[in-house]
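Take a look at the structure below.
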Amino acid sequence: MSTATPDIVTNPFAADPFYALGVADAYDEYKAGEDIHNLYRRADEMLDAAPTDASPANFYVCGYANTVRGLLNTHIAQINAQAEVAQTWLARKQGRETSTLHLRHARQARKDTA
């Protein structure tokens with residue numbers, strides 16, 4: 001008995017040139033300094049007006065919107081990482097990181113996960 005090897009899941013539109021144009025335009029606008037929230041609004045408006053059939057315009061909009069979504073997710077991850085660093089810095093500055101209350105909660109969290 002042999003096991004079947006699964007096919008690698010790829011984007012079905014990746015080979016389409018209009019999809020690639022949408023991806024490239026989204027990246028170019030982002031690298032040119034466009035605000036990610038403006039790109040998100042623009043992608044949302046484009047999705048509302050996009051045709052529902054398999055046309056080149058639809059592929060372009062899909063590429064643009066998927067790229068903007070990925071850029072927005074990256075932006076959110078960066079903001080969360082910066083917030084975590086800021087919270088750690090503030091805890092150290094205020095002396096909460098080594099306080100008995102902080103240590104008690106840290107030990108309790110370790111006990112709960114173990």
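All residue names refer to the structure tokens as shown: chains lettered A, B, ... in order, residues numbered from 1 in each chain, ligands numbered from 1 in order.
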
Tell me which protein, DNA and RNA residues are within 9 Å of segment 49-62 of chain A, counting only C-alpha atoms, leaving out same-chain ones fewer than 4 positions away, and put them as a ChimeraX atom specification. /A:13,16-23,43-45,66-67

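Put simply, atom CA of Leu71 of chain A is 20.0 Å away from atom CA of Glu84 of chain A.
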
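One distance worth recording is that between atom CA of Ala81 of chain A and atom CA of Glu34 of chain A, which is 21.8 Å.
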
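Note that atom CA of Ala26 of chain A and atom CA of Leu39 of chain A are 7.6 Å apart.
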
Could you name the residues that touch Val68 of chain A at 12 Å or less, counting only C-alpha atoms, but leaving out those on the same chain fewer than 4 positions away, as a VMD selection string? chain A and resid 22 to 31 34 to 44 46 to 47 61 to 64 72 to 75
